[in-house]
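Engineer: As input, take model12.csv (CSV, C-alpha atoms):
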chain,number,residue,atom,x,y,z
I,1,MET,CA,0.0,0.0,0.0
I,2,LYS,CA,1.7,3.1,-1.2
I,3,GLU,CA,0.5,6.6,-0.3
I,4,LYS,CA,-2.5,7.9,-2.2
I,5,PHE,CA,-2.2,11.3,-3.9
I,6,LEU,CA,1.6,11.2,-3.7
I,7,ASN,CA,2.0,14.4,-5.5
I,8,GLN,CA,0.1,16.2,-2.8
I,9,THR,CA,1.7,14.6,0.3
I,10,ASN,CA,4.3,16.4,2.3
I,11,PRO,CA,6.8,13.7,3.5
I,12,ASN,CA,8.1,15.9,6.3
I,13,VAL,CA,5.0,17.1,8.2
I,14,SER,CA,2.3,15.1,9.8
I,15,VAL,CA,-0.6,15.5,12.3
I,16,ASP,CA,-1.5,13.2,15.2
I,17,CYS,CA,-4.8,13.4,17.1
I,18,VAL,CA,-5.4,12.6,20.8
I,19,ILE,CA,-9.2,12.1,21.2
I,20,PHE,CA,-10.4,11.7,24.7
I,21,GLY,CA,-13.8,10.2,25.7
I,22,PHE,CA,-15.4,9.2,29.0
I,23,ASP,CA,-17.6,6.2,29.4
I,24,GLY,CA,-18.9,7.2,32.9
I,25,VAL,CA,-16.1,5.3,34.7
I,26,GLU,CA,-12.9,5.7,32.8
I,27,LEU,CA,-11.2,8.3,30.7
I,28,LYS,CA,-10.6,6.8,27.3
I,29,VAL,CA,-8.2,7.6,24.4
I,30,LEU,CA,-8.9,6.6,20.8
I,31,LEU,CA,-6.2,4.4,19.3
I,32,VAL,CA,-5.8,2.7,16.0
I,33,GLN,CA,-4.0,-0.5,15.1
I,34,ARG,CA,-1.9,-0.3,11.9
I,35,ASP,CA,-2.7,-2.5,9.0
I,36,LEU,CA,-0.3,-3.6,6.2
I,37,GLN,CA,-2.7,-4.5,3.6
I,38,ASP,CA,-0.3,-5.7,0.9
I,39,ASN,CA,2.3,-7.0,3.3
I,40,LEU,CA,0.4,-9.7,5.1
I,41,GLU,CA,3.5,-11.6,6.0
I,42,ILE,CA,4.5,-8.8,8.4
I,43,GLN,CA,2.9,-8.9,11.8
I,44,ASP,CA,2.2,-5.5,13.4
I,45,ASP,CA,-0.2,-5.1,16.3
I,46,THR,CA,1.2,-1.7,17.2
I,47,LEU,CA,-1.3,0.8,18.5
I,48,VAL,CA,-0.9,4.5,17.6
I,49,LEU,CA,-2.8,7.7,17.7
I,50,PRO,CA,-4.8,8.6,14.6
I,51,GLY,CA,-2.4,10.5,12.4
I,52,ASP,CA,-0.8,10.8,9.0
I,53,LEU,CA,1.1,13.1,6.6
I,54,ILE,CA,-0.4,16.4,5.6
I,55,ARG,CA,-1.1,17.4,2.0
I,56,ASP,CA,0.6,20.4,0.5
I,57,ASN,CA,-2.7,22.1,-0.4
I,58,GLU,CA,-4.2,22.0,3.1
I,59,ASP,CA,-3.5,23.8,6.3
I,60,LEU,CA,-2.8,21.9,9.5
I,61,ASP,CA,-6.3,22.1,11.0
I,62,GLU,CA,-7.8,20.8,7.7
I,63,ALA,CA,-5.2,18.0,7.7
I,64,ALA,CA,-6.0,17.0,11.3
I,65,SER,CA,-9.8,16.8,10.5
I,66,ARG,CA,-9.2,14.9,7.3
I,67,VAL,CA,-6.9,12.3,8.9
I,68,LEU,CA,-9.2,11.7,11.9
I,69,THR,CA,-12.2,11.2,9.7
I,70,GLY,CA,-10.3,9.1,7.2
I,71,LEU,CA,-9.0,6.7,9.9
I,72,THR,CA,-11.9,6.6,12.4
I,73,GLY,CA,-15.0,8.0,10.7
I,74,ILE,CA,-15.2,10.7,13.4
I,75,ARG,CA,-16.0,14.1,11.8
I,76,SER,CA,-17.1,17.6,12.8
I,77,VAL,CA,-15.2,17.8,16.1
I,78,PHE,CA,-13.2,20.8,17.4
I,79,LEU,CA,-9.5,20.0,17.4
I,80,GLU,CA,-7.0,22.1,19.3
I,81,GLN,CA,-3.2,22.1,18.7
I,82,ILE,CA,-1.1,21.0,21.6
I,83,GLY,CA,2.4,21.4,20.1
I,84,ALA,CA,5.0,20.2,17.7
I,85,PHE,CA,7.1,17.1,18.2
I,86,GLY,CA,10.3,16.7,16.2
I,87,ASN,CA,12.8,14.5,18.0
I,88,PRO,CA,15.2,13.2,15.2
I,89,ASN,CA,14.7,9.7,16.6
I,90,ARG,CA,10.9,9.7,16.8
I,91,LEU,CA,10.6,7.2,13.8
I,92,SER,CA,13.4,4.9,14.8
I,93,LYS,CA,11.7,2.0,16.5
I,94,GLY,CA,12.0,-1.3,14.7
I,95,LYS,CA,8.3,-2.0,14.0
I,96,ASP,CA,7.8,1.6,13.0
I,97,ARG,CA,10.6,1.4,10.5
I,98,THR,CA,9.2,-1.7,9.0
I,99,TRP,CA,5.8,-0.1,8.7
I,100,LEU,CA,7.2,3.1,7.2
I,101,GLU,CA,9.1,1.1,4.6
I,102,ALA,CA,5.9,-0.7,3.6
I,103,VAL,CA,3.7,2.4,3.2
I,104,ARG,CA,5.8,5.5,2.7
I,105,LEU,CA,7.4,6.6,-0.5
I,106,LYS,CA,10.2,8.2,1.5
I,107,PRO,CA,10.5,6.1,4.7
I,108,ASP,CA,13.7,7.7,5.7
I,109,ALA,CA,12.4,11.3,5.6
I,110,ARG,CA,12.5,13.2,8.9
I,111,VAL,CA,8.9,13.9,10.0
I,112,ILE,CA,7.9,16.6,12.4
I,113,THR,CA,4.3,16.1,13.7
I,114,VAL,CA,1.8,18.6,15.1
I,115,GLY,CA,-0.3,17.2,17.9
I,116,TYR,CA,-4.0,17.9,18.3
I,117,PHE,CA,-6.5,16.9,21.0
I,118,ALA,CA,-10.3,16.8,21.3
I,119,LEU,CA,-12.9,15.9,23.9
I,120,ILE,CA,-16.0,14.1,22.8
I,121,ASN,CA,-19.0,12.2,24.2
I,122,ILE,CA,-18.3,8.6,23.2
I,123,LYS,CA,-22.1,7.8,22.8
I,124,ASN,CA,-22.4,10.5,20.2
I,125,TYR,CA,-19.9,9.0,17.7
I,126,LYS,CA,-19.6,5.7,15.9
I,127,ILE,CA,-16.1,4.8,15.0
I,128,LYS,CA,-15.2,2.9,11.8
I,129,PRO,CA,-11.6,1.9,10.9
I,130,ALA,CA,-10.5,2.9,7.4
I,131,GLY,CA,-7.3,3.7,5.6
I,132,PHE,CA,-4.4,2.0,7.3
I,133,ALA,CA,-6.4,1.5,10.5
I,134,LYS,CA,-7.0,-2.2,11.0
I,135,HIS,CA,-8.9,-1.6,14.3
I,136,VAL,CA,-10.0,1.5,16.2
I,137,VAL,CA,-10.4,1.1,19.9
I,138,TRP,CA,-11.3,3.2,23.0
I,139,HIS,CA,-8.5,2.4,25.5
I,140,ASP,CA,-8.2,3.4,29.2
I,141,TYR,CA,-5.6,6.1,29.1
I,142,LYS,CA,-4.1,5.0,32.4
I,143,VAL,CA,-3.0,1.6,31.2
I,144,VAL,CA,-1.8,2.6,27.7
I,145,GLU,CA,1.4,0.7,27.0
I,146,GLU,CA,4.1,1.5,24.5
I,147,LEU,CA,2.6,3.1,21.4
I,148,GLY,CA,4.3,3.5,18.0
I,149,PHE,CA,6.6,6.4,17.3
I,150,ASP,CA,6.6,9.1,20.0
I,151,HIS,CA,2.9,8.9,20.6
I,152,ASN,CA,3.2,8.3,24.4
I,153,GLU,CA,4.9,11.6,24.6
I,154,ILE,CA,2.1,13.3,22.6
I,155,LEU,CA,-0.5,11.6,24.8
I,156,ASP,CA,1.3,12.8,28.0
I,157,ALA,CA,1.3,16.3,26.6
I,158,ALA,CA,-2.4,16.2,25.9
I,159,ILE,CA,-3.4,15.0,29.4
I,160,ARG,CA,-1.2,17.8,30.9
I,161,ILE,CA,-3.0,20.4,28.9
I,162,LEU,CA,-6.4,18.8,29.6
I,163,ARG,CA,-5.8,18.9,33.4
I,164,ASN,CA,-4.6,22.5,33.2
I,165,LYS,CA,-7.7,23.5,31.2
I,166,LEU,CA,-10.0,21.6,33.6
I,167,TYR,CA,-8.9,23.8,36.5
I,168,ARG,CA,-10.1,27.0,34.9
I,169,GLU,CA,-12.5,26.1,32.0
I,170,PRO,CA,-15.6,24.0,31.8
I,171,VAL,CA,-14.1,21.7,29.2
I,172,GLY,CA,-15.1,18.5,31.0
I,173,PHE,CA,-18.7,19.0,30.1
I,174,LYS,CA,-17.8,18.1,26.5
I,175,LEU,CA,-17.2,14.5,27.7
I,176,LEU,CA,-20.6,14.2,29.4
I,177,PRO,CA,-24.2,13.7,28.1
I,178,ARG,CA,-26.3,16.9,28.0
I,179,LYS,CA,-27.9,15.9,31.3
I,180,PHE,CA,-25.8,14.4,34.1
I,181,SER,CA,-25.7,13.8,37.8
I,182,LEU,CA,-23.2,15.6,40.2
I,183,HIS,CA,-21.7,12.2,40.9
I,184,HIS,CA,-21.1,11.6,37.2
I,185,LEU,CA,-19.4,15.0,37.1
I,186,TYR,CA,-17.3,14.2,40.2
I,187,CYS,CA,-16.2,10.9,38.8
I,188,LEU,CA,-15.1,12.6,35.6
I,189,TYR,CA,-12.9,15.1,37.4
I,190,ASN,CA,-11.4,12.4,39.6
I,191,GLU,CA,-10.6,10.3,36.6
I,192,ILE,CA,-9.0,13.1,34.6
I,193,MET,CA,-6.9,14.5,37.5
I,194,ASP,CA,-6.1,10.9,38.7
I,195,ALA,CA,-6.6,12.1,42.3
I,196,GLU,CA,-9.2,11.9,45.0
I,197,ILE,CA,-10.9,15.2,45.1
I,198,ASP,CA,-12.8,16.1,48.2
I,199,ARG,CA,-16.4,15.2,47.4
I,200,ARG,CA,-18.3,17.7,49.5
I,201,ASN,CA,-16.1,20.6,48.6
I,202,PHE,CA,-16.4,19.7,44.9
I,203,ARG,CA,-20.2,19.6,45.1
I,204,ARG,CA,-20.3,22.9,46.9
I,205,ARG,CA,-18.0,24.7,44.5
I,206,MET,CA,-19.8,23.3,41.5
I,207,LEU,CA,-23.3,24.4,42.7
I,208,LYS,CA,-22.0,27.9,43.5
I,209,THR,CA,-20.7,28.4,39.9
I,210,GLY,CA,-24.1,29.3,38.5
I,211,PHE,CA,-23.1,27.3,35.4
I,212,LEU,CA,-25.1,24.3,36.4
I,213,LYS,CA,-28.9,24.3,35.9
I,214,GLU,CA,-31.0,21.9,38.0
I,215,THR,CA,-33.5,19.9,35.9
I,216,ASP,CA,-36.7,18.2,37.0
I,217,GLU,CA,-35.3,14.9,35.8
I,218,PHE,CA,-33.7,12.1,37.8
I,219,GLN,CA,-31.5,9.1,36.9
I,220,GLU,CA,-33.3,6.0,35.6
I,221,GLY,CA,-32.5,2.3,35.9
I,222,VAL,CA,-30.1,2.7,38.8
I,223,PRO,CA,-30.0,0.3,41.8
I,224,HIS,CA,-29.9,3.2,44.3
I,225,LYS,CA,-31.9,6.3,44.9
I,226,PRO,CA,-32.0,8.2,41.6
I,227,ALA,CA,-29.9,11.4,41.6
I,228,ARG,CA,-31.1,14.7,40.2
I,229,LEU,CA,-29.8,15.6,36.7
I,230,TYR,CA,-28.2,18.9,35.8
I,231,THR,CA,-27.1,20.6,32.6
I,232,PHE,CA,-24.3,23.0,31.9
I,233,VAL,CA,-25.3,26.5,30.8
I,234,LYS,CA,-22.5,27.8,28.6
I,235,LYS,CA,-23.9,31.3,28.5
I,236,GLU,CA,-23.7,31.7,32.3
I,237,PHE,CA,-20.0,30.7,32.2
I,238,GLU,CA,-19.3,33.2,29.5
I,239,ASN,CA,-21.0,36.0,31.5
I,240,VAL,CA,-18.6,35.5,34.5
I,241,SER,CA,-15.5,34.0,32.9
I,242,ARG,CA,-13.5,37.2,33.5
I,243,LYS,CA,-13.5,36.5,37.2
I,244,ASN,CA,-10.9,33.8,36.7
I,245,PHE,CA,-13.0,31.3,38.5
I,246,LYS,CA,-11.3,28.1,39.7
I,247,PHE,CA,-13.4,25.0,39.5
I,248,TYR,CA,-12.0,23.2,42.5
What would you get if you wrote out this structure as structure tokens?

Structural biologist:
Amino acid sequence: MKEKFLNQTNPNVSVDCVIFGFDGVELKVLLVQRDLQDNLEIQDDTLVLPGDLIRDNEDLDEAASRVLTGLTGIRSVFLEQIGAFGNPNRLSKGKDRTWLEAVRLKPDARVITVGYFALINIKNYKIKPAGFAKHVVWHDYKVVEELGFDHNEILDAAIRILRNKLYREPVGFKLLPRKFSLHHLYCLYNEIMDAEIDRRNFRRRMLKTGFLKETDEFQEGVPHKPARLYTFVKKEFENVSRKNFKFY
């Protein structure tokens, strides 16, 4: 499998996407397993972030959206840059070299990649592997083992940025359904921060923000007393965001 549209592909610049999701218990990251369609004698079960080379006629944001959609079927999500990664040895692992030699016109070219990340509600998207993605999986980010290339480094950078944003911005709500319980919200913050946040203080601070709107609905199908559901009111956050509010 050689690259499609070779005359448009830049061999030295790529994009890699860190897509976070939350299943109600664990923070997940979307990973793909590489496929060598015309090199079936080569075994490669390496997991990597969704990514690929850019085309010369597109900007970086367009490339990130195209690559993500092309490999996973996910489209129309907001992607934010997290930085550039250009260690000269980032493509030097044995399996990575074998894969590059099978699929790249210039496997020895030095590639600098631009990392992106996004937060999505898992239930709102259906993933479908395509391109060189043999499988697409949601993986618990806490137990991710060695990924291809330098993708562990990119993932680590993304989680650091997410944690920093979570402290001052309501980004976590992008991972939740439109209506959620305070316990669901608490579990999300605990999972992202990988720390035990004081439950009572968290609840108090969240209810004081003015960004949460109480609904008349309660949880359904739970073995315990159903909890009240809330929604996030973006407009209220925007009205007071200049106060540099800290979420916990």

Engineer: What is the distance, in Å and to one decimal place, between atom CA of I:Gly24 and atom CA of I:Val67?

Structural biologist: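 Going from atom CA of I:Gly24 over to atom CA of I:Val67, I get 27.3 Å.
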
Engineer: I'd like the interatomic distance between atom CA of I:Thr113 and atom CA of I:Lys28, to a tenth of an Å.

Structural biologist: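 Interatomic distance, atom CA of I:Thr113 to atom CA of I:Lys28: 22.2 Å.
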
Engineer: May I ask for the distance between atom CA of I:Val233 and atom CA of I:Glu214, given in Å to one decimal place?

Structural biologist: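 Atom-to-atom, atom CA of I:Val233 and atom CA of I:Glu214 are spaced 10.3 Å apart.
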
Engineer: Which one of I:Val48, I:Ile197, I:Ile154, I:Val15 sits closest to I:Phe132 if you count only C-alpha atoms?

Structural biologist: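 Of all the options, I:Val48 lies closest to I:Phe132.
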
Engineer: Tell me which protein, DNA and RNA residues are within 12 Å of I:Leu49, counting only C-alpha atoms, leaving out same-chain ones fewer than 2 positions away, and put them as a compact mmCIF listing (two decimals) with C-alpha atoms, in the frame of the given file.

Structural biologist:
# COMPACT_ATOMS: atom_id res chain seq x y z
CA SER I 14 2.30 15.10 9.80
CA VAL I 15 -0.60 15.50 12.30
CA ASP I 16 -1.50 13.20 15.20
CA CYS I 17 -4.80 13.40 17.10
CA VAL I 18 -5.40 12.60 20.80
CA ILE I 19 -9.20 12.10 21.20
CA PHE I 20 -10.40 11.70 24.70
CA VAL I 29 -8.20 7.60 24.40
CA LEU I 30 -8.90 6.60 20.80
CA LEU I 31 -6.20 4.40 19.30
CA VAL I 32 -5.80 2.70 16.00
CA GLN I 33 -4.00 -0.50 15.10
CA ARG I 34 -1.90 -0.30 11.90
CA THR I 46 1.20 -1.70 17.20
CA LEU I 47 -1.30 0.80 18.50
CA GLY I 51 -2.40 10.50 12.40
CA ASP I 52 -0.80 10.80 9.00
CA ALA I 64 -6.00 17.00 11.30
CA VAL I 67 -6.90 12.30 8.90
CA LEU I 68 -9.20 11.70 11.90
CA LEU I 71 -9.00 6.70 9.90
CA THR I 72 -11.90 6.60 12.40
CA THR I 113 4.30 16.10 13.70
CA GLY I 115 -0.30 17.20 17.90
CA TYR I 116 -4.00 17.90 18.30
CA PHE I 117 -6.50 16.90 21.00
CA PHE I 132 -4.40 2.00 7.30
CA ALA I 133 -6.40 1.50 10.50
CA HIS I 135 -8.90 -1.60 14.30
CA VAL I 136 -10.00 1.50 16.20
CA VAL I 137 -10.40 1.10 19.90
CA TRP I 138 -11.30 3.20 23.00
CA HIS I 139 -8.50 2.40 25.50
CA TYR I 141 -5.60 6.10 29.10
CA VAL I 144 -1.80 2.60 27.70
CA GLU I 146 4.10 1.50 24.50
CA LEU I 147 2.60 3.10 21.40
CA GLY I 148 4.30 3.50 18.00
CA PHE I 149 6.60 6.40 17.30
CA ASP I 150 6.60 9.10 20.00
CA HIS I 151 2.90 8.90 20.60
CA ASN I 152 3.20 8.30 24.40
CA GLU I 153 4.90 11.60 24.60
CA ILE I 154 2.10 13.30 22.60
CA LEU I 155 -0.50 11.60 24.80
CA ALA I 158 -2.40 16.20 25.90

Engineer: Given the choices I:Ala130, I:Val114, I:Leu162, I:Leu119, which gets closest to I:Thr69 if the distance is worked out from only C-alpha atoms?

Structural biologist: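 Nearest candidate to I:Thr69 out of I:Ala130, I:Val114, I:Leu162, I:Leu119: I:Ala130.
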
Engineer: From the list I:Val13, I:Cys187, I:Ile122, I:Ile82, which residue is nearest I:Lys174 when using only C-alpha atoms?

Structural biologist: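 That would be I:Ile122, the residue with the smallest distance to I:Lys174.
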
Engineer: Looking at I:Met193, I:His224, I:Ser65, I:Leu175, which one is nearest to I:Gln81, with distances taken over all atoms listed in the file?

Structural biologist: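 Distance minimum relative to I:Gln81 lands on I:Ser65.
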
Engineer: Could you list, as a list in words, every residue within 8 Å of I:Lys95, counting all atoms listed in the file and ignoring same-chain residues fewer than 2 positions away?

Structural biologist: Asp44, Thr46, Lys93, Arg97, Thr98, Trp99 and Gly148 of chain I

Engineer: Counting all atoms listed in the file, which residue out of I:Asn87, I:Phe237, I:Ser92, I:Glu62 sits closest to I:Phe173?

Structural biologist: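 Ranked by minimum distance to I:Phe173, first place goes to I:Phe237.
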
Engineer: Do you know which residues are at most 9 Å from I:Ser181 counting only C-alpha atoms, after dropping those on the same chain fewer than 4 positions away, and could you put them as a PyMOL selection string?

Structural biologist: chain I and resi 185-186+218-219+227-231

Engineer: Emit the selected residues as a PDB file, keeping the file's coordinate frame, including C-alpha atoms.

Structural biologist:
ATOM      1  CA  LEU I 185     -19.400  15.000  37.100  1.00  0.00           C
ATOM      2  CA  TYR I 186     -17.300  14.200  40.200  1.00  0.00           C
ATOM      3  CA  PHE I 218     -33.700  12.100  37.800  1.00  0.00           C
ATOM      4  CA  GLN I 219     -31.500   9.100  36.900  1.00  0.00           C
ATOM      5  CA  ALA I 227     -29.900  11.400  41.600  1.00  0.00           C
ATOM      6  CA  ARG I 228     -31.100  14.700  40.200  1.00  0.00           C
ATOM      7  CA  LEU I 229     -29.800  15.600  36.700  1.00  0.00           C
ATOM      8  CA  TYR I 230     -28.200  18.900  35.800  1.00  0.00           C
ATOM      9  CA  THR I 231     -27.100  20.600  32.600  1.00  0.00           C
TER      10      THR I 231
END

Engineer: Would you list the residues near (-25.2, 8.5, 25.6) (no more than 9 Å away, in the coordinates of the file, using all atoms listed in the file) as a list of chain:residue names?

Structural biologist: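 Residues found, by chain and rising number: I:Asp23, I:Asn121, I:Ile122, I:Lys123, I:Asn124, I:Leu176, I:Pro177, I:Arg178.
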
Engineer: Restricted to C-alpha atoms, what does stretch 197-243 of chain I look like when written out as a short mmCIF file (atom, residue, chain, number, x, y, z; two decimals), in the first residue's frame?

Structural biologist:
data_model
loop_
_atom_site.label_atom_id
_atom_site.label_comp_id
_atom_site.auth_asym_id
_atom_site.auth_seq_id
_atom_site.Cartn_x
_atom_site.Cartn_y
_atom_site.Cartn_z
CA ILE I 197 -10.94 15.22 45.06
CA ASP I 198 -12.83 16.14 48.22
CA ARG I 199 -16.41 15.20 47.36
CA ARG I 200 -18.31 17.68 49.54
CA ASN I 201 -16.10 20.63 48.59
CA PHE I 202 -16.39 19.71 44.91
CA ARG I 203 -20.17 19.58 45.08
CA ARG I 204 -20.34 22.89 46.92
CA ARG I 205 -18.04 24.67 44.50
CA MET I 206 -19.85 23.35 41.45
CA LEU I 207 -23.28 24.36 42.70
CA LYS I 208 -21.98 27.86 43.48
CA THR I 209 -20.70 28.45 39.95
CA GLY I 210 -24.07 29.35 38.51
CA PHE I 211 -23.12 27.32 35.41
CA LEU I 212 -25.12 24.25 36.43
CA LYS I 213 -28.88 24.27 35.90
CA GLU I 214 -30.99 21.92 37.95
CA THR I 215 -33.53 19.93 35.94
CA ASP I 216 -36.72 18.20 36.99
CA GLU I 217 -35.34 14.86 35.83
CA PHE I 218 -33.65 12.06 37.77
CA GLN I 219 -31.51 9.08 36.89
CA GLU I 220 -33.30 6.03 35.56
CA GLY I 221 -32.52 2.34 35.88
CA VAL I 222 -30.10 2.65 38.81
CA PRO I 223 -30.04 0.27 41.82
CA HIS I 224 -29.88 3.19 44.28
CA LYS I 225 -31.92 6.30 44.93
CA PRO I 226 -32.00 8.20 41.62
CA ALA I 227 -29.94 11.39 41.63
CA ARG I 228 -31.13 14.66 40.18
CA LEU I 229 -29.79 15.57 36.75
CA TYR I 230 -28.15 18.88 35.81
CA THR I 231 -27.15 20.63 32.61
CA PHE I 232 -24.26 22.96 31.86
CA VAL I 233 -25.27 26.50 30.85
CA LYS I 234 -22.50 27.81 28.62
CA LYS I 235 -23.94 31.32 28.49
CA GLU I 236 -23.68 31.69 32.26
CA PHE I 237 -20.02 30.69 32.20
CA GLU I 238 -19.29 33.24 29.48
CA ASN I 239 -20.95 35.97 31.55
CA VAL I 240 -18.59 35.50 34.50
CA SER I 241 -15.48 33.97 32.90
CA ARG I 242 -13.48 37.17 33.47
CA LYS I 243 -13.52 36.49 37.19
#
